[in-house]
Amino acid sequence: MESLMVDVELLQLPEASPMSMKSNQDFVKKLFDQWLTLPETNRLAASLVNDVKSGVALNVVCGGSSSATNSGSNSPLASMFPARNGPPLSPRNSNGSPRITRQRTGLSNLSSPLKVVSDHIKELIPQFYFEDGRPSPNDQKEQCITKINSLFHGYEDGLQLQEFKLVTTGICKVPSFFATSLFKKVDINNTGFVKREAFIDYWVNGNMLTKEIATQIFTILKQPVNKYLVKDDFKPVLQELLATHPGLEFLQGTPEFQDRYAETVIYRIYYYINRSGNGHITLRELKRGNLVDALQHADDEEDINKVLRYFSYEHFYVIYCKFWELDTDHDFLIDKENLIRYSNHALTYRIVDRIFSQVPRKFTSKTEGKMGYEDFVYFILAEEDKSSEPSLEYWFKCIDLDANGFLTRNELQFFYEEQLHRMECMAQEAVLFEDILCQLFDMVKPEDEGYISLNDLKGSKLSGNVFNILFNLNKFMAFETRDPFLIRQERANPTWTEWDRFAHREYIRLSMEEDVEDTSNGSAEAWDDSLEVPF
């Protein structure tokens with residue numbers, strides 16, 4: 001071990017300039033490492049640590065001062081270095097005085113990290129995560145309990161469902177058609193009554209009071225064993241909506257169409273909200289979407305057709321009638337030949353083949369080669385609103401033949417070839433693929449000039465037209481001619497989506513056809529969609 005020791009005298013080096021030290025950092029590091037191995041260094045460190053533990057103030061040795069030399073004569077640091085060869089002092093300030101001129105008595109943010117601590121002080125960090133939700137503040141809890149006492153006053157046996165609706169809207173502030181679902185959450189024994197104590201235990205003590213409305217709705221709807229929502233979780237809410245909403249009263253005499261309406265609403269919700277496509281809506285997906293706003297809008301608005309997101313009956317009517325038109329044998333299934341007739345044969349055979357290969361989405365239909373109603377809902381939403389992200393993802397998978405995440409020139413040409421052939425057969429002026437390719441890249445402006453990615457499409461406002469050019473001839477022609485009717489409609493309702501405009505046009509067309517049919521059957525009365533069931 002003695003052979004490894006470094007003689008102190010070896011460290012007595014001539015004074016060097018800071019620049020030379022900075023240019024020889026490796027040498028300085030080695031020198032510092034050797035200094036750390038000296039026994040004097042170990043004794044110095046041990047002495048300083050002991051001083052800190054015992055609360056003794058640390059003395060800084062200042063070379064060149066007689067008082068400092070006398071006070072530090074017994075210091076291990078002074079014994080290691082002669083006065084003239086000691087470590088340099090800290091740089092002085094502009095007036096020539098040392099930076100530390102007096103010992104500070106107060107606390108400072110610039111104080112030394114070595115603090116004299118006589119007592120162990122523990123800084124308590126407040127709890128910021130609560131598995132069951134943040135507890136309610138006492139004043140908020142007291143105000144809520146006061147309201148609960150008022151609504152439950154006089155009901156010793158508890159509230160029945162009809163009386164409980166005031167609790168749903170007045171205290172919980174969730175849509176009124178959540179009353180049944182919330183009632184069953186509290187009445188776990190199915191007694192038909194909700195007592196005051198049981199509701200306080202669920203809503204107040206269960207920390208539901210402090211949760212945001214999306215979390216409240218998620219908790220009310222989901223099953224206790226799940227951490228997600230499935231389609232069946234929405235059925236009780238929609239059944240109550242159908243039973244209580246004034247805009248849906250006319251459907252009460254036709255339960256089969258009530259079921260179809262509820263199914264369609266659920267499929268639309270999952271199309272937009274369940275972006276993972278696994279059939280499980282998580283709390284994060286619910287918060288990121290607009291479903292909570294739509295639920296509140298449906299509760300406040302008496303005209304259900306003004307609730308364009310998810311709940312519009314007119315939108316359901318269009319979807320169902322379009323499916324019924326294609327389903328010629330009415331077995332509630334459609335095949336390739338049925339779908340190719342969609343929108344007056346607007347789609348190419350190649351894109352229909354890709355849909356039925358189930359590349360964009362696996363069919364829920366159990367019959368091979370057949371598309372069910374739910375599959376059609378996803379298709380028509382994707383086809384008629386290509387500005388939405390779910391639609392862009394749907395059609396991107398169709399065009400991406402090798403599933404590598406990029407649309408190449410060959411893939412674009414493969415789908416456009418059939419469009420070009422159709423234009424030639426219809427004696428329309430054909431646009432060569434080279435010209436179309438330049439147009440596509442000009443619309444999307446991809447980061448890489450060799451291919452188009454999904455992110456490129458999501459970043460462009462004209463992405464929907466890219467897909468129309470490739471496989472929807474009717475919309476391609478409308479885009480090329482800049483249909484003034486469509487432009488005027490867009491200006492009239494700037495907040496509407498492409499789907500909203502399409503559903504509005506189709507509903508008018510379908511209702512007019514219904515009027516003509518009624519007239520031809522000898523009916524002198526115009527069809528009133530608020531009084532009759534249009535099926």
# chains A, B, ... in the order shown; residues from 1 in each chain; ligands from 1
>>> residues_around(residues="A:Ser463", least_positions_apart="5", cutoff="8 Å", atoms="only C-alpha atoms", output="ChimeraX atom specification")
/A:386-387,392,443-444,457-458
>>> residues_around(residues="A:Asp293", least_positions_apart="2", cutoff="12 Å", atoms="only C-alpha atoms", output="ChimeraX atom specification")
/A:174-175,213-214,217,286-291,295-301,307-311
>>> closest_residue(among="A:Ile351, A:Met477, A:Ile304, A:Val359", to="A:Met426", atoms="only C-alpha atoms")
A:Met477
>>> residues_around(residues="stretch 222-227 of chain A", least_positions_apart="5", cutoff="10 Å", atoms="only C-alpha atoms", output="list in words")
Ser181, Lys185, Ile217, Asp232, Asp233, Phe234, His280, Ile281, Thr282 and Leu283 of chain A
>>> select_by_dssp(residues="stretch 219-458 of chain A", states="alpha helix (DSSP H)", output="ChimeraX atom specification")
/A:219-221,235-244,255-273,283-288,291-300,313-326,336-339,342-345,349-356,373-384,389-399,409-425,433-444,454-458
>>> select_by_dssp(residues="stretch 199-379 of chain A", states="strand (DSSP E or B)", output="PDB file with N, CA, C and O atoms, in the first residue's frame")
ATOM      1  N   LEU A 229     -65.289   0.948 -20.854  1.00  0.00           N
ATOM      2  CA  LEU A 229     -66.701   0.862 -21.195  1.00  0.00           C
ATOM      3  C   LEU A 229     -66.882  -0.054 -22.405  1.00  0.00           C
ATOM      4  O   LEU A 229     -66.114   0.034 -23.372  1.00  0.00           O
ATOM      5  N   ILE A 281     -63.778   1.498 -24.467  1.00  0.00           N
ATOM      6  CA  ILE A 281     -63.519   2.928 -24.324  1.00  0.00           C
ATOM      7  C   ILE A 281     -62.909   3.178 -22.953  1.00  0.00           C
ATOM      8  O   ILE A 281     -63.530   2.893 -21.927  1.00  0.00           O
ATOM      9  N   ILE A 334     -75.075  -7.198 -46.374  1.00  0.00           N
ATOM     10  CA  ILE A 334     -74.820  -6.783 -47.744  1.00  0.00           C
ATOM     11  C   ILE A 334     -73.483  -7.354 -48.191  1.00  0.00           C
ATOM     12  O   ILE A 334     -72.555  -7.512 -47.393  1.00  0.00           O
ATOM     13  N   LEU A 347     -68.028   4.104 -56.183  1.00  0.00           N
ATOM     14  CA  LEU A 347     -66.772   3.497 -55.744  1.00  0.00           C
ATOM     15  C   LEU A 347     -66.224   2.522 -56.788  1.00  0.00           C
ATOM     16  O   LEU A 347     -66.982   1.931 -57.573  1.00  0.00           O
ATOM     17  N   MET A 371     -71.245  -8.015 -45.062  1.00  0.00           N
ATOM     18  CA  MET A 371     -71.065  -6.878 -44.165  1.00  0.00           C
ATOM     19  C   MET A 371     -72.348  -6.658 -43.374  1.00  0.00           C
ATOM     20  O   MET A 371     -73.435  -6.602 -43.953  1.00  0.00           O
TER      21      MET A 371
END
>>> atom_distance(atom1="atom CA of A:Gln140", atom2="atom CA of A:Leu209")
8.6 Å
>>> residues_around(residues="A:Ser460", least_positions_apart="5", cutoff="12 Å", atoms="only C-alpha atoms", output="PyMOL selection string")
chain A and resi 386-389+392+440-447+452-455+465-466
>>> residues_around(residues="A:Pro135", least_positions_apart="6", cutoff="9 Å", atoms="only C-alpha atoms", output="CSV table (one decimal) with all heavy atoms, in the first residue's frame")
chain,number,residue,atom,x,y,z
A,204,VAL,N,-70.7,11.1,-1.8
A,204,VAL,CA,-69.8,12.0,-1.0
A,204,VAL,C,-68.6,11.2,-0.5
A,204,VAL,O,-67.5,11.6,-0.7
A,204,VAL,CB,-70.6,12.6,0.2
A,204,VAL,CG1,-69.7,13.6,1.0
A,204,VAL,CG2,-71.8,13.4,-0.4
A,205,ASN,N,-68.9,10.2,0.3
A,205,ASN,CA,-67.8,9.4,0.9
A,205,ASN,C,-67.0,8.7,-0.2
A,205,ASN,O,-65.8,8.3,0.0
A,205,ASN,CB,-68.3,8.4,1.9
A,205,ASN,CG,-69.0,9.1,3.1
A,205,ASN,OD1,-68.7,10.3,3.3
A,205,ASN,ND2,-69.9,8.4,3.8
A,206,GLY,N,-67.6,8.4,-1.3
A,206,GLY,CA,-66.9,7.7,-2.4
A,206,GLY,C,-66.1,8.7,-3.3
A,206,GLY,O,-65.6,8.3,-4.3
A,207,ASN,N,-66.1,10.0,-2.9
A,207,ASN,CA,-65.3,11.0,-3.5
A,207,ASN,C,-65.8,11.3,-5.0
A,207,ASN,O,-65.0,11.8,-5.8
A,207,ASN,CB,-63.8,10.6,-3.6
A,207,ASN,CG,-63.2,10.5,-2.2
A,207,ASN,OD1,-63.7,11.2,-1.2
A,207,ASN,ND2,-62.3,9.6,-2.0
A,208,MET,N,-67.0,10.9,-5.3
A,208,MET,CA,-67.5,11.2,-6.6
A,208,MET,C,-67.8,12.8,-6.8
A,208,MET,O,-67.8,13.3,-7.9
A,208,MET,CB,-68.9,10.5,-6.8
A,208,MET,CG,-68.7,9.0,-7.1
A,208,MET,SD,-68.1,8.6,-8.7
A,208,MET,CE,-69.6,8.9,-9.7
A,209,LEU,N,-67.9,13.4,-5.6
A,209,LEU,CA,-68.3,14.8,-5.6
A,209,LEU,C,-67.1,15.7,-6.2
A,209,LEU,O,-67.4,16.7,-6.9
A,209,LEU,CB,-68.5,15.3,-4.2
A,209,LEU,CG,-68.9,16.7,-3.9
A,209,LEU,CD1,-70.2,17.1,-4.7
A,209,LEU,CD2,-69.1,17.0,-2.5
A,210,THR,N,-65.9,15.3,-6.0
A,210,THR,CA,-64.8,16.1,-6.5
A,210,THR,C,-64.3,15.7,-7.9
A,210,THR,O,-63.4,16.3,-8.5
A,210,THR,CB,-63.6,15.9,-5.5
A,210,THR,OG1,-63.3,14.5,-5.4
A,210,THR,CG2,-63.9,16.5,-4.2
